[in-house]
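Source file: final-v7.cif (mmCIF, C-alpha atoms)
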```
data_entry
#
loop_
_atom_site.group_PDB
_atom_site.id
_atom_site.type_symbol
_atom_site.label_atom_id
_atom_site.label_comp_id
_atom_site.auth_asym_id
_atom_site.auth_seq_id
_atom_site.Cartn_x
_atom_site.Cartn_y
_atom_site.Cartn_z
ATOM 1 C CA MET L 1134 -2.158 -46.969 9.071
ATOM 2 C CA MET L 1135 -2.713 -45.696 5.557
ATOM 3 C CA GLU L 1136 0.362 -44.495 3.703
ATOM 4 C CA ILE L 1137 0.352 -41.025 2.176
ATOM 5 C CA LYS L 1138 1.068 -42.362 -1.307
ATOM 6 C CA ASP L 1139 -2.078 -44.524 -1.078
ATOM 7 C CA MET L 1140 -4.214 -41.427 -0.437
ATOM 8 C CA ILE L 1141 -2.937 -39.536 -3.494
ATOM 9 C CA LYS L 1142 -5.429 -40.920 -6.001
ATOM 10 C CA PRO L 1143 -7.865 -39.119 -8.319
ATOM 11 C CA GLU L 1144 -10.907 -40.504 -6.465
ATOM 12 C CA ASN L 1145 -9.735 -38.888 -3.204
ATOM 13 C CA LEU L 1146 -9.085 -35.468 -4.725
ATOM 14 C CA VAL L 1147 -10.999 -32.678 -2.949
ATOM 15 C CA TYR L 1148 -9.200 -29.490 -4.002
ATOM 16 C CA GLU L 1149 -6.987 -28.699 -6.948
ATOM 17 C CA LYS L 1150 -5.896 -25.685 -8.940
ATOM 18 C CA THR L 1151 -8.600 -24.734 -11.419
ATOM 19 C CA LYS L 1152 -7.853 -25.190 -15.129
ATOM 20 C CA VAL L 1153 -8.826 -21.568 -15.818
ATOM 21 C CA LEU L 1154 -5.637 -20.435 -14.063
ATOM 22 C CA THR L 1155 -2.510 -20.730 -16.192
ATOM 23 C CA ASN L 1156 0.652 -22.406 -14.923
ATOM 24 C CA ASN L 1157 2.624 -19.142 -14.864
ATOM 25 C CA ILE L 1158 4.067 -18.343 -11.446
ATOM 26 C CA MET L 1159 2.440 -15.120 -10.252
ATOM 27 C CA HIS L 1160 4.678 -12.050 -10.023
ATOM 28 C CA TYR L 1161 2.893 -10.853 -6.891
ATOM 29 C CA CYS L 1162 4.765 -10.596 -3.586
ATOM 30 C CA PRO L 1163 4.428 -13.582 -1.203
ATOM 31 C CA GLY L 1164 1.041 -13.488 0.554
ATOM 32 C CA CYS L 1165 -0.503 -10.848 -1.741
ATOM 33 C CA SER L 1166 -4.310 -10.842 -1.803
ATOM 34 C CA HIS L 1167 -4.322 -10.476 -5.603
ATOM 35 C CA GLY L 1168 -3.359 -14.134 -6.027
ATOM 36 C CA THR L 1169 -6.255 -15.348 -3.886
ATOM 37 C CA ILE L 1170 -8.752 -13.086 -5.667
ATOM 38 C CA HIS L 1171 -7.487 -14.195 -9.106
ATOM 39 C CA LYS L 1172 -7.987 -17.779 -7.987
ATOM 40 C CA LEU L 1173 -11.563 -17.108 -6.849
ATOM 41 C CA ILE L 1174 -12.473 -15.404 -10.136
ATOM 42 C CA ALA L 1175 -10.982 -18.355 -12.045
ATOM 43 C CA GLN L 1176 -12.910 -20.846 -9.894
ATOM 44 C CA VAL L 1177 -16.199 -19.018 -10.457
ATOM 45 C CA ILE L 1178 -15.583 -18.868 -14.230
ATOM 46 C CA ASP L 1179 -14.710 -22.571 -14.231
ATOM 47 C CA GLU L 1180 -17.759 -23.620 -12.185
ATOM 48 C CA MET L 1181 -20.142 -21.498 -14.265
ATOM 49 C CA GLY L 1182 -18.598 -22.870 -17.483
ATOM 50 C CA ILE L 1183 -18.175 -19.409 -19.005
ATOM 51 C CA GLN L 1184 -14.464 -19.445 -19.843
ATOM 52 C CA ASP L 1185 -15.054 -18.685 -23.553
ATOM 53 C CA LYS L 1186 -17.728 -16.072 -22.785
ATOM 54 C CA THR L 1187 -15.847 -13.927 -20.275
ATOM 55 C CA VAL L 1188 -13.892 -10.749 -20.996
ATOM 56 C CA GLY L 1189 -11.804 -9.153 -18.263
ATOM 57 C CA VAL L 1190 -10.505 -5.599 -18.203
ATOM 58 C CA SER L 1191 -7.296 -5.207 -16.236
ATOM 59 C CA PRO L 1192 -6.242 -1.965 -14.542
ATOM 60 C CA VAL L 1193 -3.024 -0.073 -14.120
ATOM 61 C CA GLY L 1194 -1.376 -1.337 -10.970
ATOM 62 C CA CYS L 1195 0.102 -4.649 -9.874
ATOM 63 C CA ALA L 1196 -2.828 -6.507 -11.464
ATOM 64 C CA VAL L 1197 -2.053 -5.101 -14.927
ATOM 65 C CA LEU L 1198 -0.527 -8.493 -15.754
ATOM 66 C CA ALA L 1199 -3.654 -10.447 -14.745
ATOM 67 C CA TYR L 1200 -3.915 -11.719 -18.340
ATOM 68 C CA ASN L 1201 -0.865 -13.890 -17.649
ATOM 69 C CA TYR L 1202 -2.740 -15.835 -14.984
ATOM 70 C CA ILE L 1203 -6.446 -16.171 -15.861
ATOM 71 C CA ASP L 1204 -6.977 -17.923 -19.178
ATOM 72 C CA ILE L 1205 -9.809 -15.802 -20.654
ATOM 73 C CA ASP L 1206 -10.029 -12.840 -23.048
ATOM 74 C CA TRP L 1207 -8.562 -9.630 -21.648
ATOM 75 C CA GLN L 1208 -8.266 -5.967 -22.425
ATOM 76 C CA GLN L 1209 -6.044 -3.548 -20.589
ATOM 77 C CA ALA L 1210 -7.394 -0.076 -19.912
ATOM 78 C CA ALA L 1211 -5.702 3.266 -19.382
ATOM 79 C CA HIS L 1212 -5.350 4.224 -15.738
ATOM 80 C CA GLY L 1213 -8.802 4.258 -14.121
ATOM 81 C CA ARG L 1214 -10.681 3.864 -17.414
ATOM 82 C CA ALA L 1215 -11.548 0.176 -17.069
ATOM 83 C CA PRO L 1216 -15.315 0.795 -16.489
ATOM 84 C CA ALA L 1217 -15.492 2.895 -19.692
ATOM 85 C CA LEU L 1218 -13.772 0.169 -21.714
ATOM 86 C CA ALA L 1219 -15.959 -2.519 -20.114
ATOM 87 C CA THR L 1220 -19.058 -0.475 -20.991
ATOM 88 C CA GLY L 1221 -18.082 -0.557 -24.652
ATOM 89 C CA ILE L 1222 -17.301 -4.271 -24.626
ATOM 90 C CA LYS L 1223 -20.558 -5.155 -22.861
ATOM 91 C CA ARG L 1224 -22.740 -2.975 -25.093
ATOM 92 C CA LEU L 1225 -21.248 -4.476 -28.248
ATOM 93 C CA ASN L 1226 -21.242 -8.040 -26.875
ATOM 94 C CA PRO L 1227 -24.263 -8.325 -24.579
ATOM 95 C CA ASP L 1228 -23.902 -12.120 -24.432
ATOM 96 C CA LYS L 1229 -20.442 -11.899 -22.835
ATOM 97 C CA TYR L 1230 -19.681 -11.734 -19.127
ATOM 98 C CA VAL L 1231 -17.598 -8.572 -18.722
ATOM 99 C CA PHE L 1232 -15.768 -7.651 -15.569
ATOM 100 C CA THR L 1233 -13.162 -5.104 -14.527
ATOM 101 C CA TYR L 1234 -10.500 -5.773 -11.944
ATOM 102 C CA GLN L 1235 -9.262 -2.595 -10.305
ATOM 103 C CA GLY L 1236 -7.236 -1.455 -7.324
ATOM 104 C CA ASP L 1237 -7.916 1.503 -5.080
ATOM 105 C CA GLY L 1238 -5.398 3.778 -6.790
ATOM 106 C CA ASP L 1239 -7.034 2.988 -10.112
ATOM 107 C CA LEU L 1240 -10.723 3.001 -9.177
ATOM 108 C CA ALA L 1241 -10.959 5.375 -6.204
ATOM 109 C CA SER L 1242 -8.472 7.989 -7.378
ATOM 110 C CA ILE L 1243 -7.867 8.615 -11.077
ATOM 111 C CA GLY L 1244 -10.870 6.529 -12.168
ATOM 112 C CA THR L 1245 -13.505 8.067 -9.874
ATOM 113 C CA ALA L 1246 -15.371 9.729 -12.736
ATOM 114 C CA GLU L 1247 -15.501 6.553 -14.839
ATOM 115 C CA ILE L 1248 -16.749 4.296 -12.043
ATOM 116 C CA MET L 1249 -19.311 6.866 -10.849
ATOM 117 C CA HIS L 1250 -20.845 7.219 -14.286
ATOM 118 C CA ALA L 1251 -20.678 3.508 -15.113
ATOM 119 C CA CYS L 1252 -22.568 2.860 -11.846
ATOM 120 C CA SER L 1253 -24.968 5.693 -12.515
ATOM 121 C CA ARG L 1254 -25.760 4.370 -16.006
ATOM 122 C CA GLY L 1255 -26.249 0.891 -14.550
ATOM 123 C CA GLU L 1256 -24.042 -0.969 -17.026
ATOM 124 C CA ASN L 1257 -24.455 -4.744 -16.767
ATOM 125 C CA ILE L 1258 -20.863 -5.400 -15.799
ATOM 126 C CA VAL L 1259 -19.038 -6.696 -12.739
ATOM 127 C CA VAL L 1260 -16.473 -4.558 -10.954
ATOM 128 C CA ILE L 1261 -13.983 -6.262 -8.640
ATOM 129 C CA PHE L 1262 -12.352 -3.579 -6.496
ATOM 130 C CA VAL L 1263 -9.276 -4.541 -4.470
ATOM 131 C CA ASN L 1264 -8.740 -2.062 -1.650
ATOM 132 C CA ASN L 1265 -5.374 -2.266 0.093
ATOM 133 C CA ALA L 1266 -5.269 1.373 1.262
ATOM 134 C CA ILE L 1267 -2.042 2.150 -0.578
ATOM 135 C CA TYR L 1268 -0.463 2.558 -4.006
ATOM 136 C CA GLY L 1269 1.267 -0.830 -4.039
ATOM 137 C CA MET L 1270 2.995 -0.983 -7.415
ATOM 138 C CA THR L 1271 4.719 2.389 -7.263
ATOM 139 C CA GLY L 1272 6.198 1.832 -3.807
ATOM 140 C CA GLY L 1273 3.575 2.455 -1.145
ATOM 141 C CA GLN L 1274 2.400 6.053 -1.540
ATOM 142 C CA MET L 1275 -0.778 7.406 0.058
ATOM 143 C CA ALA L 1276 -4.002 6.501 -1.765
ATOM 144 C CA PRO L 1277 -7.445 8.079 -1.233
ATOM 145 C CA THR L 1278 -8.346 5.007 0.820
ATOM 146 C CA THR L 1279 -5.320 5.266 3.147
ATOM 147 C CA LEU L 1280 -6.399 5.218 6.796
ATOM 148 C CA VAL L 1281 -6.012 8.225 9.086
ATOM 149 C CA GLY L 1282 -2.602 7.982 10.760
ATOM 150 C CA GLN L 1283 -1.321 5.322 8.360
ATOM 151 C CA VAL L 1284 2.352 5.735 7.505
ATOM 152 C CA THR L 1285 3.138 5.595 3.779
ATOM 153 C CA ALA L 1286 6.001 6.798 1.588
ATOM 154 C CA THR L 1287 4.282 10.168 1.065
ATOM 155 C CA THR L 1288 2.831 10.481 4.597
ATOM 156 C CA PRO L 1289 5.891 9.586 6.708
ATOM 157 C CA TYR L 1290 4.246 10.935 9.884
ATOM 158 C CA GLY L 1291 0.923 9.251 9.175
ATOM 159 C CA ARG L 1292 -2.069 10.514 7.186
ATOM 160 C CA ASN L 1293 -3.161 13.839 8.603
ATOM 161 C CA THR L 1294 -6.780 14.812 7.926
ATOM 162 C CA GLU L 1295 -5.982 18.550 7.893
ATOM 163 C CA LEU L 1296 -3.398 18.134 5.158
ATOM 164 C CA ASN L 1297 -4.470 14.938 3.362
ATOM 165 C CA GLY L 1298 -8.219 14.706 3.932
ATOM 166 C CA HIS L 1299 -10.226 11.694 5.001
ATOM 167 C CA PRO L 1300 -10.268 8.101 3.668
ATOM 168 C CA LEU L 1301 -12.636 7.703 0.729
ATOM 169 C CA ARG L 1302 -15.312 5.044 1.292
ATOM 170 C CA ILE L 1303 -16.211 4.795 -2.347
ATOM 171 C CA THR L 1304 -18.192 1.588 -1.964
ATOM 172 C CA GLU L 1305 -20.738 3.325 0.282
ATOM 173 C CA LEU L 1306 -20.930 6.194 -2.227
ATOM 174 C CA LEU L 1307 -21.585 3.851 -5.148
ATOM 175 C CA ALA L 1308 -24.262 1.980 -3.198
ATOM 176 C CA GLN L 1309 -26.351 5.181 -3.241
ATOM 177 C CA LEU L 1310 -26.450 5.246 -7.053
ATOM 178 C CA LYS L 1311 -29.556 3.726 -8.616
ATOM 179 C CA GLY L 1312 -27.632 1.874 -11.333
ATOM 180 C CA THR L 1313 -25.954 -0.552 -8.939
ATOM 181 C CA CYS L 1314 -27.818 -3.734 -7.996
ATOM 182 C CA TYR L 1315 -25.322 -5.471 -5.733
ATOM 183 C CA VAL L 1316 -22.657 -3.742 -3.651
ATOM 184 C CA THR L 1317 -20.667 -5.751 -1.138
ATOM 185 C CA ARG L 1318 -17.403 -5.667 0.773
ATOM 186 C CA GLN L 1319 -15.499 -8.868 1.510
ATOM 187 C CA SER L 1320 -11.985 -10.026 2.456
ATOM 188 C CA VAL L 1321 -9.801 -13.057 1.733
ATOM 189 C CA GLN L 1322 -7.509 -13.392 4.737
ATOM 190 C CA ASN L 1323 -9.103 -16.570 6.149
ATOM 191 C CA PRO L 1324 -11.037 -19.567 4.733
ATOM 192 C CA ALA L 1325 -14.448 -18.168 5.749
ATOM 193 C CA GLY L 1326 -13.698 -14.884 4.011
ATOM 194 C CA VAL L 1327 -12.472 -16.699 0.909
ATOM 195 C CA ARG L 1328 -15.708 -18.685 0.651
ATOM 196 C CA LYS L 1329 -17.900 -15.605 1.159
ATOM 197 C CA THR L 1330 -15.938 -13.658 -1.438
ATOM 198 C CA LYS L 1331 -16.316 -16.490 -3.923
ATOM 199 C CA ARG L 1332 -20.094 -16.520 -3.418
ATOM 200 C CA ALA L 1333 -20.181 -12.738 -3.854
ATOM 201 C CA ILE L 1334 -18.217 -12.916 -7.129
ATOM 202 C CA GLN L 1335 -20.485 -15.672 -8.420
ATOM 203 C CA LYS L 1336 -23.593 -13.662 -7.567
ATOM 204 C CA ALA L 1337 -22.127 -10.617 -9.303
ATOM 205 C CA PHE L 1338 -21.482 -12.601 -12.501
ATOM 206 C CA GLU L 1339 -25.018 -14.009 -12.414
ATOM 207 C CA ASN L 1340 -26.475 -10.500 -11.924
ATOM 208 C CA SER L 1341 -24.631 -9.206 -14.972
ATOM 209 C CA MET L 1342 -26.547 -11.623 -17.211
ATOM 210 C CA MET L 1343 -29.905 -10.823 -15.579
ATOM 211 C CA LYS L 1344 -29.559 -7.166 -16.695
ATOM 212 C CA LYS L 1345 -30.054 -5.911 -13.150
ATOM 213 C CA GLY L 1346 -27.318 -3.295 -13.280
ATOM 214 C CA LEU L 1347 -23.776 -3.018 -12.105
ATOM 215 C CA SER L 1348 -22.483 -5.402 -9.438
ATOM 216 C CA PHE L 1349 -19.666 -4.078 -7.314
ATOM 217 C CA VAL L 1350 -17.527 -6.386 -5.161
ATOM 218 C CA GLU L 1351 -14.946 -4.686 -2.977
ATOM 219 C CA VAL L 1352 -12.303 -6.986 -1.514
ATOM 220 C CA VAL L 1353 -10.299 -5.524 1.360
ATOM 221 C CA GLY L 1354 -6.801 -6.826 0.733
ATOM 222 C CA THR L 1355 -3.281 -6.536 2.039
ATOM 223 C CA CYS L 1356 -0.144 -5.023 0.548
ATOM 224 C CA ASN L 1357 2.454 -6.454 2.883
ATOM 225 C CA SER L 1358 5.369 -4.965 0.915
ATOM 226 C CA GLY L 1359 3.809 -1.502 0.942
ATOM 227 C CA TRP L 1360 2.795 -1.787 4.581
ATOM 228 C CA LYS L 1361 6.288 -3.126 5.471
ATOM 229 C CA LEU L 1362 4.877 -6.149 7.317
ATOM 230 C CA THR L 1363 5.120 -9.922 6.928
ATOM 231 C CA PRO L 1364 2.126 -11.507 5.127
ATOM 232 C CA THR L 1365 0.664 -12.936 8.337
ATOM 233 C CA ASP L 1366 1.191 -9.684 10.278
ATOM 234 C CA ALA L 1367 -0.382 -7.773 7.386
ATOM 235 C CA ASN L 1368 -3.494 -9.951 7.686
ATOM 236 C CA LYS L 1369 -3.679 -9.185 11.430
ATOM 237 C CA TRP L 1370 -3.118 -5.462 10.795
ATOM 238 C CA MET L 1371 -5.908 -5.500 8.238
ATOM 239 C CA GLU L 1372 -8.326 -7.112 10.698
ATOM 240 C CA GLU L 1373 -7.449 -4.611 13.430
ATOM 241 C CA HIS L 1374 -7.237 -1.385 11.418
ATOM 242 C CA MET L 1375 -8.955 -1.767 8.049
ATOM 243 C CA PHE L 1376 -12.168 -3.494 9.147
ATOM 244 C CA PRO L 1377 -13.326 -0.709 11.535
ATOM 245 C CA GLU L 1378 -13.024 1.819 8.673
ATOM 246 C CA TYR L 1379 -14.213 -0.589 5.968
ATOM 247 C CA PRO L 1380 -16.762 -2.923 7.626
ATOM 248 C CA LEU L 1381 -17.452 -6.182 5.768
ATOM 249 C CA GLY L 1382 -20.822 -7.295 4.466
ATOM 250 C CA ASP L 1383 -23.441 -6.573 1.824
ATOM 251 C CA ILE L 1384 -24.198 -2.860 1.514
ATOM 252 C CA LYS L 1385 -26.858 -3.216 -1.172
ATOM 253 C CA ASP L 1386 -28.566 -6.278 -2.621
ATOM 254 C CA GLU L 1387 -31.568 -5.789 -4.888
ATOM 255 C CA MET U 1018 -15.775 -44.963 14.084
ATOM 256 C CA ALA U 1019 -14.713 -43.813 10.674
ATOM 257 C CA LYS U 1020 -11.815 -41.419 10.742
ATOM 258 C CA ILE U 1021 -11.029 -38.761 8.157
ATOM 259 C CA ARG U 1022 -7.485 -38.564 6.938
ATOM 260 C CA GLY U 1023 -6.052 -36.211 4.398
ATOM 261 C CA THR U 1024 -2.879 -35.231 2.700
ATOM 262 C CA ILE U 1025 -1.639 -32.422 0.517
ATOM 263 C CA VAL U 1026 0.695 -32.141 -2.442
ATOM 264 C CA VAL U 1027 2.578 -28.850 -2.717
ATOM 265 C CA ASP U 1028 3.913 -27.404 -5.938
ATOM 266 C CA THR U 1029 7.196 -26.388 -4.295
ATOM 267 C CA GLU U 1030 8.379 -24.266 -7.244
ATOM 268 C CA CYS U 1031 5.188 -22.209 -7.010
ATOM 269 C CA CYS U 1032 5.260 -21.703 -3.211
ATOM 270 C CA LYS U 1033 6.654 -18.385 -1.980
ATOM 271 C CA GLY U 1034 6.679 -19.264 1.733
ATOM 272 C CA CYS U 1035 4.187 -16.566 2.761
ATOM 273 C CA LYS U 1036 2.968 -18.698 5.728
ATOM 274 C CA VAL U 1037 -0.676 -17.668 5.256
ATOM 275 C CA CYS U 1038 -1.554 -21.388 5.097
ATOM 276 C CA VAL U 1039 0.555 -22.230 8.156
ATOM 277 C CA VAL U 1040 -1.428 -19.933 10.473
ATOM 278 C CA THR U 1041 -4.696 -21.130 8.920
ATOM 279 C CA CYS U 1042 -4.113 -24.870 9.459
ATOM 280 C CA PRO U 1043 -6.320 -25.951 12.394
ATOM 281 C CA THR U 1044 -4.270 -29.088 13.110
ATOM 282 C CA LYS U 1045 -0.734 -27.632 12.873
ATOM 283 C CA THR U 1046 0.110 -30.052 10.086
ATOM 284 C CA ILE U 1047 2.179 -27.735 7.942
ATOM 285 C CA ASP U 1048 5.129 -25.402 8.385
ATOM 286 C CA LEU U 1049 7.938 -23.925 6.334
ATOM 287 C CA GLY U 1050 10.878 -26.262 5.792
ATOM 288 C CA HIS U 1051 14.600 -25.532 5.677
ATOM 289 C CA GLU U 1052 14.977 -26.366 1.998
ATOM 290 C CA VAL U 1053 14.536 -23.650 -0.612
ATOM 291 C CA ASN U 1054 13.199 -23.757 -4.152
ATOM 292 C CA SER U 1055 14.934 -22.357 -7.229
ATOM 293 C CA LYS U 1056 13.773 -18.817 -6.379
ATOM 294 C CA GLY U 1057 15.198 -19.053 -2.856
ATOM 295 C CA TYR U 1058 11.902 -19.289 -0.971
ATOM 296 C CA ASN U 1059 11.541 -21.694 1.967
ATOM 297 C CA TYR U 1060 8.568 -23.664 0.784
ATOM 298 C CA MET U 1061 5.734 -25.131 2.817
ATOM 299 C CA GLN U 1062 5.641 -28.814 3.705
ATOM 300 C CA MET U 1063 3.831 -31.207 6.026
ATOM 301 C CA VAL U 1064 5.658 -31.513 9.358
ATOM 302 C CA ASN U 1065 2.951 -33.588 11.076
ATOM 303 C CA PRO U 1066 1.403 -35.498 8.158
ATOM 304 C CA GLU U 1067 -0.618 -37.768 10.462
ATOM 305 C CA ASN U 1068 -2.611 -34.713 11.700
ATOM 306 C CA CYS U 1069 -3.994 -33.741 8.291
ATOM 307 C CA THR U 1070 -7.769 -34.053 7.904
ATOM 308 C CA GLY U 1071 -7.964 -32.734 4.336
ATOM 309 C CA CYS U 1072 -10.050 -29.723 5.405
ATOM 310 C CA THR U 1073 -8.785 -27.660 2.401
ATOM 311 C CA ASN U 1074 -8.331 -24.495 4.487
ATOM 312 C CA CYS U 1075 -4.672 -24.174 3.444
ATOM 313 C CA ALA U 1076 -5.559 -24.537 -0.225
ATOM 314 C CA ALA U 1077 -8.416 -22.029 0.055
ATOM 315 C CA VAL U 1078 -6.202 -19.225 1.358
ATOM 316 C CA CYS U 1079 -3.095 -20.014 -0.757
ATOM 317 C CA PRO U 1080 -2.514 -16.969 -3.003
ATOM 318 C CA ASP U 1081 -0.411 -18.970 -5.449
ATOM 319 C CA SER U 1082 -2.744 -21.980 -5.773
ATOM 320 C CA CYS U 1083 0.087 -24.414 -5.134
ATOM 321 C CA ILE U 1084 -1.761 -26.879 -2.853
ATOM 322 C CA THR U 1085 -3.718 -29.957 -3.956
ATOM 323 C CA VAL U 1086 -5.730 -31.731 -1.253
ATOM 324 C CA TYR U 1087 -6.759 -35.401 -0.974
ATOM 325 C CA ARG U 1088 -9.120 -36.789 1.635
ATOM 326 C CA VAL U 1089 -10.099 -40.341 2.529
ATOM 327 C CA LYS U 1090 -12.305 -42.035 5.107
ATOM 328 C CA VAL U 1091 -10.534 -44.849 6.961
ATOM 329 C CA GLU U 1092 -12.354 -47.452 9.044
#
```

Serialized structure, structure tokens:
Amino acid sequence: MMEIKDMIKPENLVYEKTKVLTNNIMHYCPGCSHGTIHKLIAQVIDEMGIQDKTVGVSPVGCAVLAYNYIDIDWQQAAHGRAPALATGIKRLNPDKYVFTYQGDGDLASIGTAEIMHACSRGENIVVIFVNNAIYGMTGGQMAPTTLVGQVTATTPYGRNTELNGHPLRITELLAQLKGTCYVTRQSVQNPAGVRKTKRAIQKAFENSMMKKGLSFVEVVGTCNSGWKLTPTDANKWMEEHMFPEYPLGDIKDE
Amino acid sequence: MAKIRGTIVVDTECCKGCKVCVVTCPTKTIDLGHEVNSKGYNYMQMVNPENCTGCTNCAAVCPDSCITVYRVKVE
């Protein structure tokens, strides 16, 4: 029987933390989807060898501190304005890979105008949109993407369509705009989802250099602190409640 | 027949004990231990190390990237 210490050798290594991620311990809550998505972006950047050619634009929200974790150039945009800032960066530096990383409070609420027009203009950038159906950083208030009946800090009896309107499926809206070339919705709660999301992010980065237009990758994620669930229960809740409203898969691929 | 064996190394200071990896492991190799790290989280460890096949599922879903996986073929 082989001892464990005999297996731990460089030639047997099959998975390790990518060098593009820094060694800082993430400030995210245990089980937060942000960590997994950061890791996938870092892996794609590492495998494509574009670490010195990538500029990220971080949002307002929990992921505002993304520059602490992914070792590339970053800018931080005012709330919702990441696509406008990324437009400027990409137009001045067309040889750089430019992406924005935004949550649903940032992109689907205050930043609706910016993302609509960036998609309409067909900027050659990548937008990573993390949808957890809640305002996570500020304590779990209702977001435009909150599901009907979902209990949040500002909808204590559940979201009521008469009072609060309907969930905003912004990804489907953006897919109708001619400037987008690739619009997809993925998730990262299990290994299959993680691998699909990684392929989607890689494709989006490749599209941005082929001048095909804007690539939009939505990742349905969890906010277990905001949802008041354990990380594993939050993943189950997401599969049962989020996926019927936000079905996974490619919405547009040109 | 050749058999696949694997093992993992966990960065215990990085682990927050979210258990996402524990429910993902197909061979029930890993679970949270009783010890805690300096932040007070029960960190993940191998409870049935002989079951591990090095499938990398735990590492793929780990939000904090604290798992390194090794795999070897034994005759």

Step by step, work through what the PyMOL selection byres ((chain L) within 10 of (chain U)) selects in the shown file, and finish by giving those residues as an MDAnalysis selection string.
-> chainID L and resid 1134:1151 1154 1156:1173 1321:1328 1363:1366 1368

Given the PyMOL selection byres ((chain L and resi 1308) around 12), the residues it picks as a VMD selection string = chain L and resid 1248 to 1249 1252 to 1253 1255 1302 to 1307 1309 to 1318 1346 to 1351 1383 to 1387

Among listed residues L:Ser1191, L:Asn1264, L:Gln1208, L:Gln1184, nearest Gln1319 of chain L (using all atoms listed in the file) = L:Asn1264

Tell me, in Å to one decimal, how far atom CA of Asp1239 of chain L is from atom CA of Val1281 of chain L.
->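 About the pair atom CA of Asp1239 of chain L and atom CA of Val1281 of chain L: they are 19.9 Å apart.
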
Run the PyMOL selection byres ((chain L and resi 1340) around 10) on the file and write out the hits as number ranges by chain.
-> L: 1230, 1257-1259, 1314-1315, 1334-1339, 1341-1348, 1387

Expressed in Å to a single decimal, how great is the separation between atom CA of Gly1273 of chain L and atom CA of Thr1288 of chain L?
-> 9.9 Å

Min atom-atom distance to Val1353 of chain L from the set L:Asn1265, L:Asn1293, L:Thr1287, L:Thr1278, counting all atoms listed in the file, belongs to L:Asn1265

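Here atom CA of Glu1256 of chain L and atom CA of Thr1220 of chain L stand 6.4 Å from one another.
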
Near-Ala1266 of chain L list (7 Å; all atoms listed in the file; drop same-chain fewer than 6 positions) as number ranges by chain = L: 1237, 1276, 1278-1280

Min atom-atom distance to Thr1245 of chain L from the set L:His1212, L:His1299, L:Lys1152, L:Lys1223, counting all atoms listed in the file, belongs to L:His1212
